[in-house]
>>> print(open('protein-v5.txt').read())   # compact mmCIF, C-alpha atoms and all ligand atoms
# COMPACT_ATOMS: atom_id res chain seq x y z
CA MET A 224 -28.38 196.45 144.01
CA ARG A 225 -25.04 195.00 145.07
CA LEU A 226 -26.04 195.37 148.71
CA TYR A 227 -29.29 193.48 148.28
CA LEU A 228 -27.52 190.68 146.44
CA ALA A 229 -24.97 190.36 149.21
CA VAL A 230 -27.69 190.06 151.87
CA PHE A 231 -29.48 187.51 149.78
CA ALA A 232 -26.36 185.39 149.21
CA LEU A 233 -25.75 185.27 152.94
CA LEU A 234 -29.23 183.96 153.64
CA ALA A 235 -29.11 181.49 150.81
CA ALA A 236 -25.90 180.01 152.16
CA VAL A 237 -27.68 178.73 155.27
CA HIS A 238 -30.33 176.99 153.21
CA CYS A 239 -30.58 173.32 154.04
CA GLU A 240 -31.32 171.55 150.81
CA GLU A 241 -32.93 168.46 152.27
CA LEU A 242 -35.92 170.34 153.61
CA ILE A 243 -38.38 171.33 150.97
CA ASN A 244 -41.62 171.90 152.84
CA GLY A 245 -42.73 175.46 152.16
CA ASP A 246 -40.61 175.92 149.04
CA GLN A 247 -42.47 178.04 146.54
CA VAL A 248 -42.28 178.73 142.83
CA LEU A 249 -42.40 182.45 142.20
CA ARG A 250 -43.49 183.87 138.88
CA ILE A 251 -41.60 187.05 138.15
CA ASN A 252 -42.64 189.54 135.54
CA ALA A 253 -39.66 191.63 134.58
CA GLU A 254 -40.67 195.07 133.39
CA SER A 255 -37.37 196.46 132.19
CA GLU A 256 -33.95 195.51 130.88
CA ASP A 257 -32.60 196.33 134.36
CA HIS A 258 -34.92 193.74 135.88
CA ILE A 259 -33.76 191.16 133.37
CA GLN A 260 -30.11 191.87 134.12
CA ILE A 261 -30.74 191.52 137.88
CA LEU A 262 -32.52 188.19 137.35
CA LYS A 263 -29.74 186.97 135.06
CA MET A 264 -27.23 187.82 137.75
CA LEU A 265 -29.26 185.82 140.28
CA GLU A 266 -29.36 182.85 137.95
CA ARG A 267 -25.62 182.92 137.40
CA ASP A 268 -25.10 182.60 141.16
CA VAL A 269 -25.13 178.81 141.26
CA ASP A 270 -24.68 178.78 145.04
CA SER A 271 -27.92 180.67 145.66
CA GLY A 272 -30.05 177.51 145.90
CA LEU A 273 -32.52 179.05 143.45
CA ASP A 274 -33.85 176.78 140.75
CA PHE A 275 -34.79 178.69 137.59
CA TRP A 276 -37.59 176.85 135.78
CA THR A 277 -37.69 179.50 133.05
CA HIS A 278 -35.07 182.09 132.25
CA ALA A 279 -34.85 185.85 132.19
CA VAL A 280 -34.95 186.72 128.51
CA SER A 281 -37.42 189.49 127.83
CA THR A 282 -40.16 191.47 129.51
CA GLU A 283 -42.68 189.41 127.54
CA ARG A 284 -41.78 186.13 129.24
CA PRO A 285 -42.29 185.33 132.92
CA VAL A 286 -39.41 183.94 134.94
CA ASP A 287 -40.37 181.06 137.24
CA ILE A 288 -38.03 180.31 140.13
CA ARG A 289 -38.32 177.56 142.73
CA VAL A 290 -37.20 179.20 145.93
CA PRO A 291 -36.20 177.22 149.05
CA HIS A 292 -38.39 178.21 151.95
CA SER A 293 -35.34 179.31 153.92
CA SER A 294 -34.60 181.93 151.25
CA LEU A 295 -38.19 182.93 150.51
CA HIS A 296 -38.25 185.95 152.74
CA ALA A 297 -34.93 187.24 151.44
CA VAL A 298 -35.84 186.67 147.80
CA LYS A 299 -39.23 188.35 148.08
CA ASP A 300 -37.63 191.23 149.92
CA PHE A 301 -34.96 191.47 147.26
CA LEU A 302 -37.54 191.56 144.46
CA LYS A 303 -39.62 194.17 146.26
CA LYS A 304 -36.62 196.38 146.92
CA ASN A 305 -35.70 196.21 143.25
CA ASN A 306 -39.35 196.91 142.26
CA ILE A 307 -39.62 193.63 140.37
CA PRO A 308 -43.24 192.39 140.38
CA PHE A 309 -43.93 188.75 141.21
CA THR A 310 -46.72 186.37 142.13
CA VAL A 311 -46.66 182.99 143.86
CA MET A 312 -47.11 180.33 141.17
CA ILE A 313 -46.88 177.27 143.44
CA ASN A 314 -47.60 177.96 147.08
CA ASN A 315 -46.08 174.78 148.48
CA VAL A 316 -43.98 172.60 146.19
CA GLN A 317 -43.93 169.84 148.78
CA GLU A 318 -47.70 169.38 148.61
CA LEU A 319 -47.58 168.75 144.86
CA LEU A 320 -44.63 166.38 145.26
CA VAL A 321 -46.42 164.37 147.93
CA ARG A 322 -49.57 164.17 145.82
CA GLU A 323 -47.56 163.08 142.77
CA ARG A 324 -45.75 160.35 144.71
CA GLU A 325 -48.92 159.08 146.39
CA GLU A 326 -50.66 158.86 143.01
CA MET A 327 -47.74 156.90 141.57
CA VAL A 328 -47.75 154.42 144.46
CA ARG A 329 -51.52 153.98 144.23
CA ASN A 330 -51.34 153.50 140.48
CA ALA A 331 -48.49 150.99 140.73
CA GLU A 332 -50.58 148.91 143.16
CA ILE A 333 -53.57 148.94 140.79
CA GLU A 334 -51.39 148.08 137.79
CA SER A 335 -49.78 145.20 139.61
CA LYS A 336 -53.14 143.86 140.85
CA THR A 337 -54.91 144.17 137.51
CA LYS A 338 -51.86 143.45 135.33
CA SER A 339 -52.64 146.60 133.38
CA PHE A 340 -50.85 149.78 132.36
CA SER A 341 -52.34 153.22 132.90
CA PHE A 342 -51.47 155.98 130.45
CA ALA A 343 -52.82 158.49 132.94
CA ALA A 344 -49.95 157.92 135.36
CA TYR A 345 -46.25 158.65 135.64
CA HIS A 346 -43.98 155.61 135.68
CA ASP A 347 -40.40 154.84 136.64
CA LEU A 348 -37.79 153.72 134.12
CA GLU A 349 -38.21 150.01 134.77
CA THR A 350 -41.96 150.17 134.18
CA ILE A 351 -41.49 152.18 130.98
CA TYR A 352 -38.92 149.66 129.73
CA ASN A 353 -41.31 146.78 130.57
CA PHE A 354 -44.07 148.61 128.71
CA MET A 355 -41.76 148.87 125.68
CA ASP A 356 -41.09 145.12 125.86
CA THR A 357 -44.80 144.34 126.00
CA LEU A 358 -45.48 146.59 123.03
CA ALA A 359 -42.63 145.10 120.98
CA ASN A 360 -43.60 141.52 121.89
CA HIS A 361 -47.17 141.98 120.72
CA SER A 362 -46.62 143.61 117.38
CA LYS A 363 -44.65 142.72 114.27
CA LEU A 364 -44.52 146.44 113.53
CA ILE A 365 -42.43 147.31 116.57
CA SER A 366 -38.96 146.37 117.69
CA LYS A 367 -36.92 147.59 120.62
CA VAL A 368 -33.46 148.66 119.52
CA LYS A 369 -30.61 149.16 121.97
CA ILE A 370 -28.47 152.09 120.85
CA GLY A 371 -25.91 152.01 123.66
CA SER A 372 -25.53 152.45 127.40
CA THR A 373 -25.53 155.46 129.68
CA TYR A 374 -22.82 156.82 131.97
CA GLU A 375 -24.27 154.68 134.78
CA ASN A 376 -24.49 151.72 132.42
CA ARG A 377 -28.22 151.67 131.81
CA SER A 378 -29.45 150.56 128.40
CA MET A 379 -30.70 153.20 125.99
CA TYR A 380 -33.55 152.01 123.80
CA VAL A 381 -35.55 153.28 120.86
CA LEU A 382 -38.79 151.81 119.60
CA LYS A 383 -38.65 151.22 115.86
CA PHE A 384 -41.96 151.21 113.98
CA SER A 385 -41.39 149.67 110.58
CA THR A 386 -43.31 147.72 107.97
CA GLY A 387 -40.08 146.55 106.33
CA GLY A 388 -37.33 147.72 104.03
CA VAL A 389 -33.78 148.73 104.86
CA LYS A 390 -32.95 152.20 106.16
CA ARG A 391 -36.12 153.70 104.83
CA PRO A 392 -36.58 157.43 105.22
CA ALA A 393 -37.26 157.88 108.90
CA ILE A 394 -38.71 160.13 111.55
CA TRP A 395 -37.03 160.57 114.93
CA ILE A 396 -38.93 161.51 118.09
CA ASP A 397 -37.28 161.68 121.51
CA ALA A 398 -38.44 162.68 124.97
CA GLY A 399 -36.94 163.22 128.37
CA ILE A 400 -33.49 164.52 127.49
CA HIS A 401 -34.19 166.83 130.43
CA ALA A 402 -34.97 164.45 133.27
CA ARG A 403 -37.49 166.47 135.26
CA GLU A 404 -39.78 167.10 132.31
CA TRP A 405 -41.90 164.04 133.14
CA ILE A 406 -44.80 165.00 130.91
CA SER A 407 -42.52 164.45 127.89
CA HIS A 408 -41.78 160.81 128.85
CA ALA A 409 -45.44 160.16 129.67
CA THR A 410 -46.53 161.70 126.36
CA ALA A 411 -44.04 159.53 124.47
CA VAL A 412 -45.37 156.41 126.20
CA TRP A 413 -48.90 157.28 125.06
CA LEU A 414 -47.62 158.05 121.55
CA ALA A 415 -45.99 154.63 121.25
CA ASP A 416 -49.29 152.97 122.01
CA ARG A 417 -51.20 155.31 119.71
CA ILE A 418 -48.95 154.67 116.72
CA ALA A 419 -49.29 150.90 117.30
CA THR A 420 -53.08 151.11 117.68
CA ASP A 421 -53.62 153.39 114.67
CA PHE A 422 -51.58 151.02 112.54
CA LYS A 423 -53.46 147.98 113.79
CA GLU A 424 -56.85 149.63 113.26
CA ASN A 425 -55.83 151.10 109.91
CA ARG A 426 -56.47 154.66 111.04
CA ALA A 427 -55.11 157.39 108.75
CA PRO A 428 -52.48 158.65 108.32
CA VAL A 429 -50.32 156.15 110.25
CA PRO A 430 -50.56 153.18 107.84
CA SER A 431 -49.71 155.33 104.81
CA ILE A 432 -46.81 157.00 106.63
CA LEU A 433 -45.47 153.61 107.70
CA SER A 434 -45.81 152.25 104.18
CA LYS A 435 -43.06 154.66 103.14
CA MET A 436 -41.17 155.62 106.29
CA ASP A 437 -40.01 154.24 109.64
CA ILE A 438 -40.62 155.96 112.96
CA TYR A 439 -38.07 155.82 115.77
CA LEU A 440 -39.30 156.84 119.21
CA MET A 441 -36.97 157.26 122.16
CA ILE A 442 -39.10 157.57 125.28
CA VAL A 443 -36.26 158.15 127.75
CA ALA A 444 -33.28 159.98 126.24
CA ASN A 445 -31.64 160.56 129.64
CA PRO A 446 -32.23 157.35 131.64
CA ASP A 447 -29.72 158.14 134.43
CA GLY A 448 -31.27 161.53 135.04
CA TYR A 449 -34.78 160.07 134.95
CA VAL A 450 -33.93 157.38 137.50
CA PHE A 451 -32.42 160.08 139.71
CA THR A 452 -35.66 162.11 139.62
CA HIS A 453 -37.46 159.08 141.08
CA ARG A 454 -35.06 158.58 143.99
CA SER A 455 -36.94 159.15 147.18
CA SER A 456 -34.01 159.97 149.49
CA SER A 457 -34.46 163.68 148.74
CA PRO A 458 -37.53 165.38 147.29
CA LEU A 459 -35.18 167.78 145.51
CA TYR A 460 -33.99 165.03 143.16
CA ARG A 461 -37.35 165.33 141.40
CA PHE A 462 -36.01 168.54 139.85
CA TRP A 463 -32.83 167.01 138.43
CA CYS A 464 -32.46 167.97 134.79
CA LYS A 465 -28.97 166.96 133.60
CA SER A 466 -27.13 163.68 133.04
CA ARG A 467 -25.34 162.08 136.01
CA SER A 468 -21.73 162.08 134.81
CA ALA A 469 -18.82 163.29 136.92
CA THR A 470 -17.50 166.74 136.08
CA SER A 471 -14.28 168.62 136.81
CA ASN A 472 -15.98 169.90 140.00
CA PRO A 473 -16.38 167.04 142.50
CA LYS A 474 -19.33 168.88 144.09
CA CYS A 475 -21.37 169.12 140.89
CA GLN A 476 -22.51 166.30 138.65
CA GLY A 477 -24.12 166.17 135.28
CA VAL A 478 -24.22 167.88 131.92
CA ASP A 479 -27.17 169.54 130.22
CA LEU A 480 -27.57 167.00 127.42
CA ASN A 481 -29.29 169.59 125.28
CA ARG A 482 -26.21 171.84 125.27
CA ASN A 483 -23.71 169.09 124.52
CA TRP A 484 -24.37 168.49 120.82
CA ASP A 485 -21.92 169.31 118.07
CA ALA A 486 -23.85 172.40 116.98
CA GLU A 487 -21.96 175.60 117.72
CA PHE A 488 -20.91 173.90 120.94
CA GLY A 489 -19.43 176.33 123.44
CA GLY A 490 -21.15 179.39 122.02
CA PRO A 491 -23.42 181.73 123.96
CA GLY A 492 -26.47 180.14 125.54
CA ALA A 493 -24.78 177.43 127.61
CA SER A 494 -22.59 177.51 130.69
CA ASP A 495 -19.03 176.30 131.20
CA ASP A 496 -19.67 176.00 134.96
CA PRO A 497 -20.24 172.34 135.96
CA CYS A 498 -22.56 173.51 138.72
CA ALA A 499 -24.88 175.37 136.33
CA GLU A 500 -28.15 173.83 135.17
CA ASP A 501 -27.16 174.47 131.54
CA TYR A 502 -23.59 173.17 131.85
CA ARG A 503 -22.53 172.22 128.34
CA GLY A 504 -19.86 169.64 129.27
CA PRO A 505 -16.10 169.73 128.62
CA SER A 506 -16.38 169.15 124.85
CA SER A 507 -19.02 168.56 122.22
CA GLN A 508 -20.63 165.15 122.54
CA SER A 509 -18.55 164.42 125.62
CA GLU A 510 -21.66 162.76 127.05
CA ILE A 511 -22.18 159.13 126.16
CA GLU A 512 -25.96 159.60 125.89
CA VAL A 513 -25.59 162.32 123.25
CA LYS A 514 -22.84 160.36 121.50
CA ASN A 515 -25.04 157.23 121.30
CA ILE A 516 -28.00 159.08 119.80
CA ALA A 517 -25.85 161.08 117.35
CA LYS A 518 -24.02 157.94 116.24
CA PHE A 519 -27.27 156.06 115.72
CA ILE A 520 -28.81 158.84 113.65
CA MET A 521 -25.68 159.42 111.57
CA SER A 522 -25.07 155.73 110.88
CA HIS A 523 -28.69 155.34 109.82
CA GLY A 524 -28.19 158.25 107.47
CA ASN A 525 -31.75 158.64 106.23
CA PHE A 526 -33.64 160.61 108.88
CA LYS A 527 -35.91 163.24 107.35
CA SER A 528 -37.38 164.63 110.54
CA PHE A 529 -36.08 165.09 114.08
CA MET A 530 -38.49 166.01 116.86
CA THR A 531 -37.79 166.37 120.54
CA LEU A 532 -40.25 166.71 123.40
CA HIS A 533 -39.63 168.99 126.38
CA SER A 534 -41.72 170.91 128.88
CA TYR A 535 -43.03 173.43 129.76
CA MET A 536 -44.44 176.68 128.20
CA GLN A 537 -46.36 175.37 125.15
CA PHE A 538 -43.96 176.25 122.36
CA LEU A 539 -43.42 174.59 119.00
CA MET A 540 -40.02 175.62 117.74
CA TYR A 541 -37.59 175.12 114.88
CA PRO A 542 -33.91 176.03 114.29
CA TYR A 543 -31.90 177.99 115.03
CA GLY A 544 -31.27 178.18 118.73
CA TYR A 545 -27.63 179.19 118.57
CA ILE A 546 -28.10 182.30 116.45
CA GLY A 547 -30.85 184.83 115.83
CA ILE A 548 -30.86 184.59 112.04
CA ASP A 549 -33.50 182.72 110.05
CA ALA A 550 -32.70 179.17 108.98
CA PRO A 551 -32.62 178.71 105.18
CA ASP A 552 -35.87 176.73 105.36
CA TRP A 553 -37.50 179.24 107.68
CA PRO A 554 -40.67 179.94 105.64
CA GLU A 555 -41.49 176.26 105.28
CA LEU A 556 -40.60 175.33 108.86
CA HIS A 557 -42.66 178.21 110.18
CA ASP A 558 -45.60 177.23 108.03
CA VAL A 559 -45.44 173.56 109.06
CA ALA A 560 -45.10 174.47 112.76
CA THR A 561 -47.98 176.95 112.54
CA LYS A 562 -50.28 174.37 110.94
CA ALA A 563 -49.17 171.70 113.41
CA SER A 564 -49.93 174.00 116.33
CA LYS A 565 -53.39 174.67 114.83
CA ALA A 566 -54.00 170.94 114.62
CA LEU A 567 -52.92 170.63 118.27
CA ASN A 568 -55.22 173.49 119.24
CA SER A 569 -58.21 171.85 117.56
CA TRP A 570 -58.43 169.19 120.26
CA HIS A 571 -58.62 171.04 123.59
CA GLY A 572 -58.01 174.62 122.52
CA THR A 573 -54.48 174.59 123.95
CA VAL A 574 -52.52 177.52 122.57
CA TYR A 575 -48.92 177.10 121.45
CA LYS A 576 -46.47 179.79 120.47
CA VAL A 577 -44.53 179.10 117.27
CA GLY A 578 -41.06 180.39 116.39
CA SER A 579 -37.34 179.69 116.26
CA ILE A 580 -35.73 178.51 119.51
CA PHE A 581 -33.64 181.68 119.64
CA HIS A 582 -36.64 183.97 119.38
CA THR A 583 -39.04 181.86 121.45
CA ILE A 584 -36.97 180.71 124.44
CA ASP A 585 -33.47 182.13 124.27
CA GLN A 586 -30.12 181.66 122.65
CA ALA A 587 -28.99 178.05 123.13
CA SER A 588 -25.81 176.52 121.73
CA GLY A 589 -25.20 172.78 121.43
CA ALA A 590 -28.92 171.91 121.19
CA SER A 591 -30.13 168.74 119.48
CA VAL A 592 -32.53 170.37 117.03
CA ASP A 593 -29.78 172.63 115.65
CA TRP A 594 -27.50 169.62 115.42
CA ALA A 595 -30.09 167.67 113.42
CA TYR A 596 -30.82 170.61 111.14
CA LEU A 597 -27.13 171.35 110.53
CA ARG A 598 -26.70 167.68 109.57
CA GLY A 599 -29.32 168.09 106.83
CA ILE A 600 -32.44 166.88 108.67
CA LYS A 601 -34.69 169.64 107.43
CA TYR A 602 -37.85 168.99 109.42
CA SER A 603 -36.43 169.51 112.90
CA PHE A 604 -38.72 170.70 115.67
CA ALA A 605 -38.74 171.04 119.45
CA PHE A 606 -41.89 170.95 121.54
CA GLU A 607 -42.30 172.48 124.97
CA LEU A 608 -45.42 170.72 126.23
CA ARG A 609 -47.94 171.86 128.87
CA ASP A 610 -48.47 173.95 130.82
CA THR A 611 -47.83 177.71 130.73
CA GLY A 612 -47.11 177.99 134.41
CA GLU A 613 -49.69 176.66 136.79
CA TYR A 614 -47.83 173.49 137.70
CA GLY A 615 -44.69 173.75 135.53
CA PHE A 616 -42.63 170.56 135.83
CA LEU A 617 -45.17 169.13 138.28
CA LEU A 618 -48.00 168.76 135.78
CA PRO A 619 -50.63 166.52 137.42
CA ALA A 620 -50.98 163.03 135.98
CA ASN A 621 -54.62 163.66 135.10
CA GLN A 622 -53.36 165.95 132.31
CA ILE A 623 -51.11 163.33 130.69
CA VAL A 624 -53.62 161.84 128.26
CA SER A 625 -55.04 165.16 127.09
CA THR A 626 -51.52 166.56 126.67
CA ALA A 627 -50.42 163.49 124.72
CA ARG A 628 -53.53 163.48 122.56
CA GLU A 629 -53.20 167.12 121.50
CA THR A 630 -49.45 166.66 120.91
CA TRP A 631 -50.28 163.71 118.68
CA PHE A 632 -52.39 166.01 116.49
CA ALA A 633 -49.34 168.19 115.85
CA LEU A 634 -46.92 165.27 115.42
CA ARG A 635 -49.30 163.50 113.08
CA TYR A 636 -49.57 166.62 110.95
CA ILE A 637 -45.77 166.99 110.76
CA MET A 638 -45.20 163.29 110.01
CA LYS A 639 -47.75 163.32 107.20
CA TYR A 640 -46.20 166.50 105.81
CA VAL A 641 -42.70 164.97 105.90
CA CYS A 642 -44.03 161.87 104.16
CA ASP A 643 -45.69 163.97 101.44
CA HIS A 644 -42.62 166.17 100.90
CA PRO A 645 -39.66 163.88 100.20
CA TYR A 646 -36.29 165.49 99.74
ZN ZN A 701 -36.18 170.69 128.33
>>> encode(input="protein-v5.txt", output="structure tokens", more="lines below")
Ligand SMILES: [Zn+2]
Amino acid sequence: MRLYLAVFALLAAVHCEELINGDQVLRINAESEDHIQILKMLERDVDSGLDFWTHAVSTERPVDIRVPHSSLHAVKDFLKKNNIPFTVMINNVQELLVREREEMVRNAEIESKTKSFSFAAYHDLETIYNFMDTLANHSKLISKVKIGSTYENRSMYVLKFSTGGVKRPAIWIDAGIHAREWISHATAVWLADRIATDFKENRAPVPSILSKMDIYLMIVANPDGYVFTHRSSSPLYRFWCKSRSATSNPKCQGVDLNRNWDAEFGGPGASDDPCAEDYRGPSSQSEIEVKNIAKFIMSHGNFKSFMTLHSYMQFLMYPYGYIGIDAPDWPELHDVATKASKALNSWHGTVYKVGSIFHTIDQASGASVDWAYLRGIKYSFAFELRDTGEYGFLLPANQIVSTARETWFALRYIMKYVCDHPY
């Protein structure tokens, strides 16, 4: 095994990261603990140029890796020699990227000509922020609240949906803490409009929820990362996940904002290597983005639910992520998540897996949902939206509205439940 790894590392070193045409995403189906260990070793090699979209955890979960075309031959050879089965999930990443960008340009032209906003399209940060302004300017229900600035000095905003009162019990929903998970931002945009419309048209259960509680929706939790994914100077930037802060390694920027929370920070399930995709940062809440959100939630002091949107794999999860034991509220959280996933399924038949983060994805320390739960916010959930591995992070824009709509069914169920079960 050591020999094969050495050959592979040599080939990977000559990979030129600016060329992406021919890059593939391989779906690997580990069949033994040995296979998992080999894949884990590959993932730990941050110089390999491999981009793990999902992680080697168990033989029940596929591992998706974006492989630079210059390393494709070596990687496939390596997998074959180690008898690890794989299929090609995305044949040419570049083709999907080109299509995505062309669609965005075309849509932006239409929107500018018709002075409209399409929910069936991906948008850049500026357009999303303008959309938030329009929404807030046209409704007494909604206000745009600035909760701080990012490392690169961009404003961080939440939309507050409130019918009045001071620090009412509240529900938190965020999206996009991982920059490349564009379907989460796009879903949150649709949700903002849906909450506003349902309130205006008196459609249950939104008016009754908002008569007792406030909803806070953060569409872009990692603005710097999101802006970076839209930079056109390299197609690889589209797969940026972390923040954009400087680290102790001048060659590697950014912290995984979902490993930086003060929730068993530094434990297993996060890396201390600044070049790793799951780099936790130098200390808990070292990242200004995490600090701003945590400060806002703590100073409010009356959040009853914390939900965060990610992609992909179609999971609905609850605490814990940092440890494999059941949370004290496990039976209730599991029941709520199960019923929410059934509500989601009722729309398009999309199937979600329900469970704790630890048992569904993997051990993860410093994650936001654990942080919220450990601070007493009982109804804390994380969503991994569509799909299960046809497009991964490159989910086509024509799936945005159906994804958002089915997610709304689950969120609506949870929000109503939280409203009906005060604590
Ligand atoms: Zn994520």
>>> closest_residue(input="protein-v5.txt", among="A:Val381, A:Leu459, A:Leu567, A:Ala493", to="Leu539 (chain A)", atoms="all atoms listed in the file")
A:Leu567
>>> closest_residue(input="protein-v5.txt", among="A:Trp594, A:Trp413, A:Trp276, A:Tyr380", to="ligand ZN 701 (chain A)", atoms="all atoms listed in the file")
A:Trp276
>>> residues_near_ligand(input="protein-v5.txt", ligand="ligand ZN 701 (chain A)", cutoff="8 Å", atoms="all atoms listed in the file", output="PyMOL selection string")
chain A and resi 399-401+404+464+481+532-535+607
>>> closest_residue(input="protein-v5.txt", among="A:Gln476, A:Ser455, A:Ser509, A:Gln260", to="Pro497 (chain A)", atoms="only C-alpha atoms")
A:Gln476
>>> atom_distance(input="protein-v5.txt", atom1="CA of Lys465 (chain A)", atom2="CA of His408 (chain A)")
15.0 Å
>>> residues_around(input="protein-v5.txt", residues="Tyr541 (chain A)", least_positions_apart="4", cutoff="7 Å", atoms="only C-alpha atoms", output="list in words")
Leu556, Gly578, Ser579, Ile580, Ser603, Phe604 and Ala605 of chain A
>>> closest_residue(input="protein-v5.txt", among="A:Thr310, A:Thr573, A:Ser294, A:Asn376", to="Arg250 (chain A)", atoms="all atoms listed in the file")
A:Thr310
